[in-house]
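This is input_7.pdb. It holds PDB, C-alpha atoms.
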ATOM      1  CA  MET J 219     -41.889  43.397  73.195
ATOM      2  CA  GLU J 220     -42.378  39.674  73.636
ATOM      3  CA  GLU J 221     -41.945  37.723  70.392
ATOM      4  CA  ARG J 222     -44.975  35.632  69.439
ATOM      5  CA  GLU J 223     -44.489  32.083  68.239
ATOM      6  CA  GLU J 224     -44.947  31.579  64.500
ATOM      7  CA  ASP J 225     -47.705  29.021  65.013
ATOM      8  CA  ASP J 226     -49.867  31.660  66.700
ATOM      9  CA  THR J 227     -49.595  34.335  64.012
ATOM     10  CA  GLU J 228     -52.681  35.525  62.234
ATOM     11  CA  GLU J 229     -51.350  34.313  58.877
ATOM     12  CA  ALA J 230     -50.665  30.817  60.214
ATOM     13  CA  TRP J 231     -54.192  30.474  61.558
ATOM     14  CA  LEU J 232     -55.755  31.822  58.355
ATOM     15  CA  GLN J 233     -53.939  29.114  56.414
ATOM     16  CA  LEU J 234     -55.746  26.520  58.552
ATOM     17  CA  GLN J 235     -59.196  28.065  58.090
ATOM     18  CA  PRO J 236     -61.644  25.658  56.371
ATOM     19  CA  VAL J 237     -62.604  26.618  52.829
ATOM     20  CA  GLU J 238     -66.311  26.971  52.086
ATOM     21  CA  PRO J 239     -67.447  24.366  49.509
ATOM     22  CA  LEU J 240     -68.489  25.323  46.003
ATOM     23  CA  PRO J 241     -72.064  24.543  44.878
ATOM     24  CA  SER J 242     -70.610  21.805  42.618
ATOM     25  CA  GLN J 243     -69.384  19.985  45.727
ATOM     26  CA  CYS J 244     -72.940  19.336  46.923
ATOM     27  CA  CYS J 245     -74.530  16.254  45.360
ATOM     28  CA  GLY J 246     -78.024  17.637  46.011
ATOM     29  CA  SER J 247     -79.426  14.402  47.424
ATOM     30  CA  GLY J 248     -80.075  15.627  50.969
ATOM     31  CA  CYS J 249     -77.188  13.782  52.640
ATOM     32  CA  SER J 250     -76.691  14.280  56.344
ATOM     33  CA  PRO J 251     -74.084  15.437  57.029
ATOM     34  CA  CYS J 252     -73.943  17.479  53.829
ATOM     35  CA  VAL J 253     -70.626  18.872  52.638
ATOM     36  CA  PHE J 254     -71.829  22.250  53.935
ATOM     37  CA  ASP J 255     -72.675  20.728  57.336
ATOM     38  CA  LEU J 256     -69.106  19.430  57.538
ATOM     39  CA  TYR J 257     -67.770  22.856  56.569
ATOM     40  CA  HIS J 258     -69.717  24.636  59.328
ATOM     41  CA  ARG J 259     -68.620  21.992  61.856
ATOM     42  CA  ASP J 260     -64.971  22.412  60.889
ATOM     43  CA  LEU J 261     -65.296  26.205  60.875
ATOM     44  CA  ALA J 262     -66.682  26.190  64.420
ATOM     45  CA  ARG J 263     -63.867  23.868  65.483
ATOM     46  CA  TRP J 264     -61.306  26.177  63.858
ATOM     47  CA  GLU J 265     -62.751  29.275  65.531
ATOM     48  CA  ALA J 266     -62.642  27.618  68.956
ATOM     49  CA  ALA J 267     -59.066  26.423  68.407
ATOM     50  CA  ARG J 268     -57.962  29.844  67.198
ATOM     51  CA  ALA J 269     -59.493  31.600  70.221
ATOM     52  CA  SER J 270     -57.637  29.310  72.626
ATOM     53  CA  LYS J 271     -54.510  28.954  70.445
ATOM     54  CA  ASP J 272     -54.849  25.164  70.725
ATOM     55  CA  ARG J 273     -54.310  23.395  67.407
ATOM     56  CA  SER J 274     -55.094  20.015  68.906
ATOM     57  CA  LEU J 275     -58.760  21.052  68.966
ATOM     58  CA  LEU J 276     -58.782  21.020  65.186
ATOM     59  CA  ARG J 277     -58.675  17.229  65.300
ATOM     60  CA  GLY J 278     -61.721  17.068  67.559
ATOM     61  CA  GLU J 279     -62.671  13.522  68.492
ATOM     62  CA  GLU J 280     -62.022  12.131  65.027
ATOM     63  CA  ALA J 281     -59.620   9.264  64.627
ATOM     64  CA  GLN J 282     -57.868   8.260  61.441
ATOM     65  CA  ASN J 283     -60.075   5.848  59.584
ATOM     66  CA  CYS J 284     -58.794   2.546  58.339
ATOM     67  CA  PRO J 285     -58.292   2.332  54.574
ATOM     68  CA  SER J 286     -61.428   1.409  52.604
ATOM     69  CA  LYS J 287     -63.749   1.762  55.572
ATOM     70  CA  LEU J 288     -66.847   3.874  55.065
ATOM     71  CA  SER J 289     -67.351   7.157  56.882
ATOM     72  CA  PRO J 290     -70.271   9.574  56.365
ATOM     73  CA  GLU J 291     -67.986  12.529  57.094
ATOM     74  CA  THR J 292     -64.679  11.666  55.443
ATOM     75  CA  PHE J 293     -63.999  10.440  51.926
ATOM     76  CA  GLN J 294     -62.256   7.081  51.864
ATOM     77  CA  ALA J 295     -60.302   5.472  49.029
ATOM     78  CA  PHE J 296     -61.601   2.371  47.248
ATOM     79  CA  ARG J 297     -59.786   0.577  44.456
ATOM     80  CA  ILE J 298     -61.596  -0.125  41.172
ATOM     81  CA  SER J 299     -61.320  -3.844  40.453
ATOM     82  CA  ALA J 300     -63.478  -4.014  37.293
ATOM     83  CA  MET J 301     -65.482  -1.865  34.883
ATOM     84  CA  ASP J 302     -68.225  -3.428  32.763
ATOM     85  CA  LYS J 303     -69.816  -1.332  30.000
ATOM     86  CA  LEU J 304     -73.497  -2.320  29.999
ATOM     87  CA  THR J 305     -74.657   0.109  27.299
ATOM     88  CA  LYS J 306     -72.993   2.828  25.246
ATOM     89  CA  ASP J 307     -73.200   5.217  28.195
ATOM     90  CA  THR J 308     -73.681   3.112  31.334
ATOM     91  CA  TYR J 309     -71.104   1.254  33.415
ATOM     92  CA  ARG J 310     -71.223  -1.273  36.222
ATOM     93  CA  VAL J 311     -68.157  -0.574  38.346
ATOM     94  CA  ARG J 312     -66.826  -2.932  41.013
ATOM     95  CA  PHE J 313     -64.793  -1.667  43.961
ATOM     96  CA  ALA J 314     -62.660  -3.872  46.182
ATOM     97  CA  LEU J 315     -63.113  -4.172  49.934
ATOM     98  CA  PRO J 316     -60.359  -5.548  52.161
ATOM     99  CA  GLY J 317     -60.544  -9.292  52.818
ATOM    100  CA  ASN J 318     -64.100 -10.543  53.135
ATOM    101  CA  SER J 319     -65.404  -7.326  54.676
ATOM    102  CA  ARG J 320     -68.796  -5.837  53.858
ATOM    103  CA  LEU J 321     -69.635  -2.281  52.924
ATOM    104  CA  GLY J 322     -72.146  -1.917  55.741
ATOM    105  CA  LEU J 323     -75.106  -0.388  53.888
ATOM    106  CA  GLN J 324     -78.768  -1.120  54.353
ATOM    107  CA  PRO J 325     -80.532  -2.038  51.066
ATOM    108  CA  GLY J 326     -81.341   1.173  49.191
ATOM    109  CA  GLN J 327     -78.870   3.449  50.958
ATOM    110  CA  HIS J 328     -76.514   5.503  48.819
ATOM    111  CA  LEU J 329     -72.945   6.826  48.807
ATOM    112  CA  VAL J 330     -71.415  10.109  47.651
ATOM    113  CA  LEU J 331     -68.608  10.032  45.094
ATOM    114  CA  ARG J 332     -66.003  12.791  44.863
ATOM    115  CA  GLY J 333     -64.498  13.648  41.491
ATOM    116  CA  MET J 334     -61.968  16.173  40.162
ATOM    117  CA  ILE J 335     -62.234  17.698  36.692
ATOM    118  CA  ASP J 336     -60.122  20.686  35.608
ATOM    119  CA  ASP J 337     -59.285  21.426  39.271
ATOM    120  CA  LEU J 338     -63.017  21.564  40.068
ATOM    121  CA  GLU J 339     -64.290  19.245  42.800
ATOM    122  CA  ILE J 340     -67.692  17.687  42.177
ATOM    123  CA  GLN J 341     -69.804  15.274  44.183
ATOM    124  CA  ARG J 342     -72.657  12.992  43.142
ATOM    125  CA  ALA J 343     -74.765  10.356  44.892
ATOM    126  CA  TYR J 344     -74.941   6.740  43.691
ATOM    127  CA  THR J 345     -76.657   3.673  45.118
ATOM    128  CA  PRO J 346     -74.710   0.386  45.156
ATOM    129  CA  ILE J 347     -76.490  -2.397  43.277
ATOM    130  CA  SER J 348     -74.550  -5.209  44.950
ATOM    131  CA  PRO J 349     -76.279  -7.262  47.672
ATOM    132  CA  ALA J 350     -76.062  -5.740  51.137
ATOM    133  CA  ASN J 351     -74.254  -8.882  52.320
ATOM    134  CA  ALA J 352     -71.695  -8.914  49.473
ATOM    135  CA  GLU J 353     -68.226  -9.693  50.809
ATOM    136  CA  GLY J 354     -65.009  -8.222  49.468
ATOM    137  CA  TYR J 355     -66.601  -5.832  46.966
ATOM    138  CA  PHE J 356     -69.413  -3.456  46.107
ATOM    139  CA  GLU J 357     -70.803  -2.372  42.731
ATOM    140  CA  VAL J 358     -72.426   0.796  41.416
ATOM    141  CA  LEU J 359     -74.352   1.586  38.255
ATOM    142  CA  ILE J 360     -73.253   4.869  36.659
ATOM    143  CA  LYS J 361     -74.721   6.507  33.587
ATOM    144  CA  CYS J 362     -72.484   8.988  31.774
ATOM    145  CA  TYR J 363     -73.741  12.057  29.943
ATOM    146  CA  GLN J 364     -71.974  13.934  27.150
ATOM    147  CA  THR J 365     -71.911  17.221  29.047
ATOM    148  CA  GLY J 366     -71.595  15.791  32.564
ATOM    149  CA  LEU J 367     -68.531  16.712  34.605
ATOM    150  CA  MET J 368     -68.749  13.583  36.748
ATOM    151  CA  SER J 369     -69.235  11.577  33.562
ATOM    152  CA  ARG J 370     -65.876  12.799  32.235
ATOM    153  CA  TYR J 371     -64.283  11.740  35.497
ATOM    154  CA  VAL J 372     -65.890   8.283  35.506
ATOM    155  CA  GLU J 373     -65.006   7.625  31.862
ATOM    156  CA  SER J 374     -61.354   8.232  32.728
ATOM    157  CA  TRP J 375     -61.372   5.317  35.204
ATOM    158  CA  ARG J 376     -59.454   2.132  34.608
ATOM    159  CA  ALA J 377     -59.184  -1.022  36.711
ATOM    160  CA  GLY J 378     -56.640  -0.393  39.452
ATOM    161  CA  ASP J 379     -57.548   3.289  39.833
ATOM    162  CA  THR J 380     -58.784   4.705  43.124
ATOM    163  CA  ALA J 381     -62.035   6.558  43.762
ATOM    164  CA  PHE J 382     -63.193   8.311  46.917
ATOM    165  CA  TRP J 383     -66.554   7.687  48.590
ATOM    166  CA  ARG J 384     -68.299   8.672  51.801
ATOM    167  CA  GLY J 385     -71.527   7.429  53.349
ATOM    168  CA  PRO J 386     -73.848   5.721  53.893
ATOM    169  CA  PHE J 387     -76.866   7.998  53.467
ATOM    170  CA  GLY J 388     -80.559   7.478  52.878
ATOM    171  CA  GLY J 389     -83.859   7.677  54.705
ATOM    172  CA  PHE J 390     -85.502   4.429  53.615
ATOM    173  CA  PHE J 391     -84.837   1.263  55.590
ATOM    174  CA  TYR J 392     -86.526  -1.902  54.398
ATOM    175  CA  LYS J 393     -87.705  -4.433  56.981
ATOM    176  CA  PRO J 394     -88.827  -7.951  55.979
ATOM    177  CA  ASN J 395     -92.608  -8.372  55.813
ATOM    178  CA  GLN J 396     -93.112  -4.686  56.629
ATOM    179  CA  TYR J 397     -95.396  -4.257  53.610
ATOM    180  CA  GLY J 398     -97.840  -6.556  51.873
ATOM    181  CA  GLU J 399     -96.459  -5.622  48.467
ATOM    182  CA  VAL J 400     -93.702  -3.308  47.285
ATOM    183  CA  LEU J 401     -94.375  -1.526  43.990
ATOM    184  CA  MET J 402     -91.049  -0.415  42.525
ATOM    185  CA  LEU J 403     -91.234   2.308  39.873
ATOM    186  CA  ALA J 404     -87.833   3.083  38.384
ATOM    187  CA  ALA J 405     -86.583   5.030  35.392
ATOM    188  CA  GLY J 406     -83.139   4.290  33.931
ATOM    189  CA  THR J 407     -80.453   4.125  36.606
ATOM    190  CA  GLY J 408     -83.221   4.743  39.136
ATOM    191  CA  LEU J 409     -83.270   0.949  39.082
ATOM    192  CA  ALA J 410     -80.178   0.999  41.321
ATOM    193  CA  PRO J 411     -81.786   1.324  44.791
ATOM    194  CA  MET J 412     -84.431  -1.245  43.846
ATOM    195  CA  VAL J 413     -81.854  -3.961  43.110
ATOM    196  CA  PRO J 414     -80.482  -4.555  46.647
ATOM    197  CA  ILE J 415     -83.948  -4.209  48.182
ATOM    198  CA  LEU J 416     -85.386  -6.754  45.765
ATOM    199  CA  GLN J 417     -82.492  -9.136  46.332
ATOM    200  CA  SER J 418     -82.806  -8.835  50.109
ATOM    201  CA  ILE J 419     -86.432  -9.971  49.753
ATOM    202  CA  THR J 420     -85.733 -12.949  47.505
ATOM    203  CA  ASP J 421     -82.681 -13.978  49.543
ATOM    204  CA  ASN J 422     -84.837 -14.234  52.678
ATOM    205  CA  ALA J 423     -87.049 -17.323  52.646
ATOM    206  CA  ASP J 424     -89.044 -15.894  55.548
ATOM    207  CA  ASP J 425     -89.886 -12.677  53.706
ATOM    208  CA  GLU J 426     -93.275 -13.128  52.016
ATOM    209  CA  THR J 427     -93.510  -9.639  50.563
ATOM    210  CA  PHE J 428     -94.868  -9.446  47.021
ATOM    211  CA  VAL J 429     -92.878  -7.302  44.613
ATOM    212  CA  THR J 430     -93.972  -5.627  41.387
ATOM    213  CA  LEU J 431     -91.024  -3.970  39.675
ATOM    214  CA  VAL J 432     -91.620  -1.576  36.786
ATOM    215  CA  GLY J 433     -88.551  -0.464  34.837
ATOM    216  CA  CYS J 434     -88.904   2.508  32.478
ATOM    217  CA  PHE J 435     -86.406   2.735  29.629
ATOM    218  CA  LYS J 436     -86.201   4.266  26.168
ATOM    219  CA  THR J 437     -85.552   1.006  24.304
ATOM    220  CA  PHE J 438     -85.391  -2.721  24.977
ATOM    221  CA  LYS J 439     -81.662  -2.671  24.289
ATOM    222  CA  GLY J 440     -81.254  -0.033  26.986
ATOM    223  CA  ILE J 441     -82.716  -2.151  29.802
ATOM    224  CA  TYR J 442     -80.087  -2.641  32.482
ATOM    225  CA  LEU J 443     -79.337  -5.917  34.268
ATOM    226  CA  LYS J 444     -81.650  -8.065  32.130
ATOM    227  CA  THR J 445     -80.205 -11.352  33.402
ATOM    228  CA  PHE J 446     -80.600 -10.323  37.035
ATOM    229  CA  LEU J 447     -84.184  -9.187  36.495
ATOM    230  CA  GLN J 448     -85.071 -12.411  34.665
ATOM    231  CA  GLU J 449     -83.676 -14.457  37.536
ATOM    232  CA  GLN J 450     -85.617 -12.423  40.094
ATOM    233  CA  ALA J 451     -88.872 -12.781  38.138
ATOM    234  CA  ARG J 452     -88.672 -16.555  38.616
ATOM    235  CA  PHE J 453     -89.433 -16.149  42.331
ATOM    236  CA  TRP J 454     -93.030 -16.822  43.310
ATOM    237  CA  ASN J 455     -93.507 -13.349  44.789
ATOM    238  CA  VAL J 456     -91.866 -11.202  42.086
ATOM    239  CA  ARG J 457     -93.283  -9.723  38.876
ATOM    240  CA  THR J 458     -91.409  -7.465  36.463
ATOM    241  CA  PHE J 459     -92.827  -5.078  33.869
ATOM    242  CA  PHE J 460     -91.176  -2.701  31.440
ATOM    243  CA  VAL J 461     -92.240   0.600  29.924
ATOM    244  CA  LEU J 462     -90.426   1.571  26.718
ATOM    245  CA  SER J 463     -90.863   5.151  25.550
ATOM    246  CA  GLN J 464     -89.151   4.858  22.150
ATOM    247  CA  GLU J 465     -90.398   1.448  21.004
ATOM    248  CA  ASN J 466     -93.802   0.573  19.563
ATOM    249  CA  SER J 467     -93.534  -2.908  18.050
ATOM    250  CA  PRO J 468     -93.928  -6.014  20.240
ATOM    251  CA  GLU J 469     -92.720  -8.175  17.341
ATOM    252  CA  GLN J 470     -89.209  -6.804  17.873
ATOM    253  CA  LEU J 471     -89.115  -8.086  21.445
ATOM    254  CA  PRO J 472     -88.274 -11.595  22.682
ATOM    255  CA  TRP J 473     -91.377 -13.665  23.438
ATOM    256  CA  SER J 474     -90.706 -13.564  27.180
ATOM    257  CA  TYR J 475     -91.001  -9.766  27.201
ATOM    258  CA  ARG J 476     -94.014  -9.167  24.986
ATOM    259  CA  GLU J 477     -96.734  -9.653  27.569
ATOM    260  CA  LYS J 478     -94.984  -7.623  30.244
ATOM    261  CA  THR J 479     -93.943  -4.610  28.177
ATOM    262  CA  HIS J 480     -95.927  -1.402  27.693
ATOM    263  CA  PHE J 481     -95.082   1.085  24.964
ATOM    264  CA  GLY J 482     -95.249   4.769  25.780
ATOM    265  CA  ARG J 483     -94.798   6.410  29.143
ATOM    266  CA  LEU J 484     -95.672   5.690  32.738
ATOM    267  CA  ASP J 485     -98.810   7.824  32.989
ATOM    268  CA  GLN J 486    -101.795   8.142  35.308
ATOM    269  CA  ASP J 487    -103.792   5.367  33.652
ATOM    270  CA  LEU J 488    -100.945   2.858  33.721
ATOM    271  CA  ILE J 489    -100.034   3.644  37.324
ATOM    272  CA  GLY J 490    -103.692   3.230  38.246
ATOM    273  CA  GLU J 491    -103.677  -0.219  36.614
ATOM    274  CA  LEU J 492    -100.469  -1.192  38.384
ATOM    275  CA  VAL J 493    -101.737  -0.131  41.806
ATOM    276  CA  SER J 494    -105.103  -1.869  41.356
ATOM    277  CA  GLY J 495    -103.331  -4.961  40.003
ATOM    278  CA  CYS J 496    -101.185  -5.424  43.113
ATOM    279  CA  ARG J 497    -101.972  -8.574  45.047
ATOM    280  CA  ARG J 498    -101.814  -6.798  48.395
ATOM    281  CA  LYS J 499    -101.968  -3.154  49.485
ATOM    282  CA  PRO J 500     -98.789  -1.690  47.974
ATOM    283  CA  PHE J 501     -96.084   0.567  49.287
ATOM    284  CA  ALA J 502     -94.422   2.305  46.338
ATOM    285  CA  LEU J 503     -90.737   3.072  45.879
ATOM    286  CA  VAL J 504     -89.924   5.636  43.197
ATOM    287  CA  CYS J 505     -86.557   6.564  41.696
ATOM    288  CA  GLY J 506     -85.566   8.388  38.534
ATOM    289  CA  SER J 507     -85.062  11.947  37.367
ATOM    290  CA  ALA J 508     -86.577  14.773  39.405
ATOM    291  CA  GLU J 509     -89.291  15.203  36.773
ATOM    292  CA  PHE J 510     -90.071  11.475  36.705
ATOM    293  CA  THR J 511     -90.251  11.298  40.495
ATOM    294  CA  GLN J 512     -92.593  14.284  40.783
ATOM    295  CA  ASP J 513     -94.879  13.020  38.005
ATOM    296  CA  VAL J 514     -95.096   9.525  39.492
ATOM    297  CA  ALA J 515     -95.788  10.867  42.981
ATOM    298  CA  ARG J 516     -98.701  12.877  41.599
ATOM    299  CA  CYS J 517    -100.025   9.821  39.765
ATOM    300  CA  LEU J 518     -99.762   7.650  42.878
ATOM    301  CA  LEU J 519    -101.886  10.133  44.771
ATOM    302  CA  GLY J 520    -104.339  10.073  41.877
ATOM    303  CA  ALA J 521    -104.403   6.269  42.104
ATOM    304  CA  GLY J 522    -105.506   6.447  45.728
ATOM    305  CA  LEU J 523    -102.245   5.999  47.617
ATOM    306  CA  ALA J 524    -101.649   8.254  50.613
ATOM    307  CA  GLU J 525     -98.409  10.258  50.974
ATOM    308  CA  ASP J 526     -97.206   7.825  53.626
ATOM    309  CA  SER J 527     -97.641   4.935  51.196
ATOM    310  CA  TYR J 528     -94.701   5.784  48.957
ATOM    311  CA  PHE J 529     -91.048   6.798  49.221
ATOM    312  CA  LEU J 530     -89.189   8.962  46.705
ATOM    313  CA  PHE J 531     -85.478   8.283  46.417
TER     314      PHE J 531
END
As structure tokens, how would this structure be written, given the file I've shared?
Amino acid sequence: MEEREEDDTEEAWLQLQPVEPLPSQCCGSGCSPCVFDLYHRDLARWEAARASKDRSLLRGEEAQNCPSKLSPETFQAFRISAMDKLTKDTYRVRFALPGNSRLGLQPGQHLVLRGMIDDLEIQRAYTPISPANAEGYFEVLIKCYQTGLMSRYVESWRAGDTAFWRGPFGGFFYKPNQYGEVLMLAAGTGLAPMVPILQSITDNADDETFVTLVGCFKTFKGIYLKTFLQEQARFWNVRTFFVLSQENSPEQLPWSYREKTHFGRLDQDLIGELVSGCRRKPFALVCGSAEFTQDVARCLLGAGLAEDSYFLF
């Protein structure tokens, strides 16, 4: 009986079979390709290679990516160059890019971060807040939760550590002067995708789009990126407003915030006022928790906007 080569044994091929991802490995943000898409692609590649006993097919047409170069299919390593604690539970983290290279994202696109906690792989989506044309670095805004697995991973980071990202992803692509006015409605770290879009508008002298940005936070102290937002509000075409759900006294706020702060929640009446107060017909961008996003979408419809007049991150 002819002896089979070890590489062609059933056991050897089974060791190469792709492992189906756990639910925790899906970030739930609708990325394409999703981690499950990649699994099914690799499984089909493995089955074809196994049938023909050709291991070279497992590599497909993929080439080894250069270090710190984005790929939507493969996680790449990026070095943490700085961590800035903005609030008791929120960090601005800077990652280094080689030389003066750029990340290559369109404003508002997001990345997927891979983390490991107790031998469990988890993945979450985050939107860089750095300008799309930033050279040599990119930054993300990450809020940590007491019971969050990814939060435990992020809080273990130190400058010099390495984190793994893949991307870019996202279905919204901003074009200068595409809309008369952009109404940005963000809750908490939902501010993140608004930041690079807003900066791309104010950085472009030829972009005459009006912007109304509404940031929803629990307290004044919890507002992220105050300095950046103050600088942006100085542009002729930008207005900023804040909605604070756990504050009720304007006297406790700086003078510059009193007239542009609402106490309570972003409800139907307030959204109606914001839409009617826009200087041109608005296109709304919404980002926050799933509950926030659904509630705001319903209110926008109630305020007279059509479904094609808003985008939900």
What's the 6 Å shell around segment 365-379 of chain J, counting all atoms listed in the file, without same-chain residues fewer than 2 positions away, as a ChimeraX atom specification?
-> /J:297-300,362-363
Can you write just those residues out, C-alpha atoms, as a compact mmCIF listing (two decimals), in the coordinates of the input?
# COMPACT_ATOMS: atom_id res chain seq x y z
CA ARG J 297 -59.79 0.58 44.46
CA ILE J 298 -61.60 -0.12 41.17
CA SER J 299 -61.32 -3.84 40.45
CA ALA J 300 -63.48 -4.01 37.29
CA CYS J 362 -72.48 8.99 31.77
CA TYR J 363 -73.74 12.06 29.94
Please measure the separation of atom CA of Ser467 of chain J and atom CA of Cys434 of chain J, giving the value in Å to one decimal.
-> 16.1 Å
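Taken over the whole file, the PyMOL selection byres ((chain J and resi 295) around 6) covers exactly Ser286, Gln294, Phe296, Ala381 and Phe382 of chain J.
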Which residues fall under the PyMOL selection byres ((chain J and resi 433) around 8) in this file, as a list of chain:residue names?
->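 So the PyMOL selection byres ((chain J and resi 433) around 8), applied here, picks out J:Leu403, J:Ala404, J:Ala405, J:Gly406, J:Leu409, J:Leu431, J:Val432, J:Cys434, J:Phe435, J:Ile441, J:Thr458, J:Phe459, J:Phe460, J:Val461.
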Neighbours of segment 478-491 of chain J within 7 Å (all atoms listed in the file; same-chain residues fewer than 6 positions away dropped), as a VMD selection string?
-> chain J and resid 459 to 463 465 to 466 517 to 518 521
Excluding Val358 of chain J and any residue of its chain fewer than 4 positions from it, enumerate the residues within 6 Å of it, using all atoms listed in the file, and give them as a PyMOL selection string.
-> chain J and resi 310-311+346-347
Could you give me, as a list in words, the residues within 10 Å of Lys393 of chain J, counting all atoms listed in the file and dropping anything in the same chain fewer than 6 positions from it?
->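 Counting all atoms listed in the file, the residues come to Gln324, Pro325, Ile415, Ser418, Ile419 and Asp425 of chain J.
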Picked residues, the PyMOL selection byres ((chain J and resi 302-306) around 10), expected as a ChimeraX atom specification | /J:300-301,307-312,359-362,439-443
Store the residues picked out above, limited to C-alpha atoms, as a PDB file, keeping the file's coordinate frame.
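Written out: result34.pdb:
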ATOM      1  CA  ALA J 300     -63.478  -4.014  37.293  1.00  0.00           C
ATOM      2  CA  MET J 301     -65.482  -1.865  34.883  1.00  0.00           C
ATOM      3  CA  ASP J 307     -73.200   5.217  28.195  1.00  0.00           C
ATOM      4  CA  THR J 308     -73.681   3.112  31.334  1.00  0.00           C
ATOM      5  CA  TYR J 309     -71.104   1.254  33.415  1.00  0.00           C
ATOM      6  CA  ARG J 310     -71.223  -1.273  36.222  1.00  0.00           C
ATOM      7  CA  VAL J 311     -68.157  -0.574  38.346  1.00  0.00           C
ATOM      8  CA  ARG J 312     -66.826  -2.932  41.013  1.00  0.00           C
ATOM      9  CA  LEU J 359     -74.352   1.586  38.255  1.00  0.00           C
ATOM     10  CA  ILE J 360     -73.253   4.869  36.659  1.00  0.00           C
ATOM     11  CA  LYS J 361     -74.721   6.507  33.587  1.00  0.00           C
ATOM     12  CA  CYS J 362     -72.484   8.988  31.774  1.00  0.00           C
ATOM     13  CA  LYS J 439     -81.662  -2.671  24.289  1.00  0.00           C
ATOM     14  CA  GLY J 440     -81.254  -0.033  26.986  1.00  0.00           C
ATOM     15  CA  ILE J 441     -82.716  -2.151  29.802  1.00  0.00           C
ATOM     16  CA  TYR J 442     -80.087  -2.641  32.482  1.00  0.00           C
ATOM     17  CA  LEU J 443     -79.337  -5.917  34.268  1.00  0.00           C
TER      18      LEU J 443
END
Atomic distance atom CA of Lys436 of chain J - atom CA of Tyr528 of chain J, expressed in Å with one decimal |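 Answer for the atom CA of Lys436 of chain J to atom CA of Tyr528 of chain J separation: 24.4 Å.
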Please provide as number ranges by chain all residues within 10 Å of Tyr397 of chain J, with the sequence filter that same-chain residues fewer than 2 positions apart are discarded (counting all atoms listed in the file).
-> J: 392-395, 399-400, 426-429, 498-502, 527
Output for the residues just chosen: C-alpha atoms as a PDB file, in the frame of the given file:
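Output file part_38.pdb is given in full below:
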ATOM      1  CA  TYR J 392     -86.526  -1.902  54.398  1.00  0.00           C
ATOM      2  CA  LYS J 393     -87.705  -4.433  56.981  1.00  0.00           C
ATOM      3  CA  PRO J 394     -88.827  -7.951  55.979  1.00  0.00           C
ATOM      4  CA  ASN J 395     -92.608  -8.372  55.813  1.00  0.00           C
ATOM      5  CA  GLU J 399     -96.459  -5.622  48.467  1.00  0.00           C
ATOM      6  CA  VAL J 400     -93.702  -3.308  47.285  1.00  0.00           C
ATOM      7  CA  GLU J 426     -93.275 -13.128  52.016  1.00  0.00           C
ATOM      8  CA  THR J 427     -93.510  -9.639  50.563  1.00  0.00           C
ATOM      9  CA  PHE J 428     -94.868  -9.446  47.021  1.00  0.00           C
ATOM     10  CA  VAL J 429     -92.878  -7.302  44.613  1.00  0.00           C
ATOM     11  CA  ARG J 498    -101.814  -6.798  48.395  1.00  0.00           C
ATOM     12  CA  LYS J 499    -101.968  -3.154  49.485  1.00  0.00           C
ATOM     13  CA  PRO J 500     -98.789  -1.690  47.974  1.00  0.00           C
ATOM     14  CA  PHE J 501     -96.084   0.567  49.287  1.00  0.00           C
ATOM     15  CA  ALA J 502     -94.422   2.305  46.338  1.00  0.00           C
ATOM     16  CA  SER J 527     -97.641   4.935  51.196  1.00  0.00           C
TER      17      SER J 527
END
Which centre and which edge lengths, in Å to one decimal, describe the axis-aligned box that holds all listed atoms of segment 327-332 of chain J after 5 Å is added on each side, as JSON?
{"center_x": -72.4, "center_y": 8.1, "center_z": 47.9, "size_x": 22.9, "size_y": 19.3, "size_z": 16.1}
Considering all atoms listed in the file, state which residue in the set J:Gln327, J:Thr407, J:Thr445, J:Gln396 is at the smallest distance from Asp424 of chain J.
->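 Smallest separation from Asp424 of chain J among the options: J:Gln396.
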Using atom CA of Ser474 of chain J and atom CA of Arg457 of chain J as the two end points, give the distance in Å to one decimal.
-> 12.6 Å
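Minimum atom-to-atom distances from J:Arg497, J:Arg320, J:Arg384, J:Lys271 to Leu288 of chain J were compared using only C-alpha atoms, and the lowest value belongs to J:Arg384.
These residues, each with an atom at most 8 Å from (-77.2, -9.4, 50.0) using only C-alpha atoms, are J:Ser348, J:Pro349, J:Ala350, J:Asn351, J:Ala352, J:Pro414, J:Gln417, J:Ser418, J:Asp421.
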Given the choices J:Thr380, J:Ala410, J:Gly333, J:Glu291, which gets closest to Thr345 of chain J if the distance is worked out from all atoms listed in the file?
->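 Closest to Thr345 of chain J of all the choices is J:Ala410.
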With only C-alpha atoms as the atoms that count, which of J:Gly326, J:Pro468, J:Gly317, J:Gly495 lies nearest to Val413 of chain J?
->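 Ranking J:Gly326, J:Pro468, J:Gly317, J:Gly495 by distance to Val413 of chain J, first place goes to J:Gly326.
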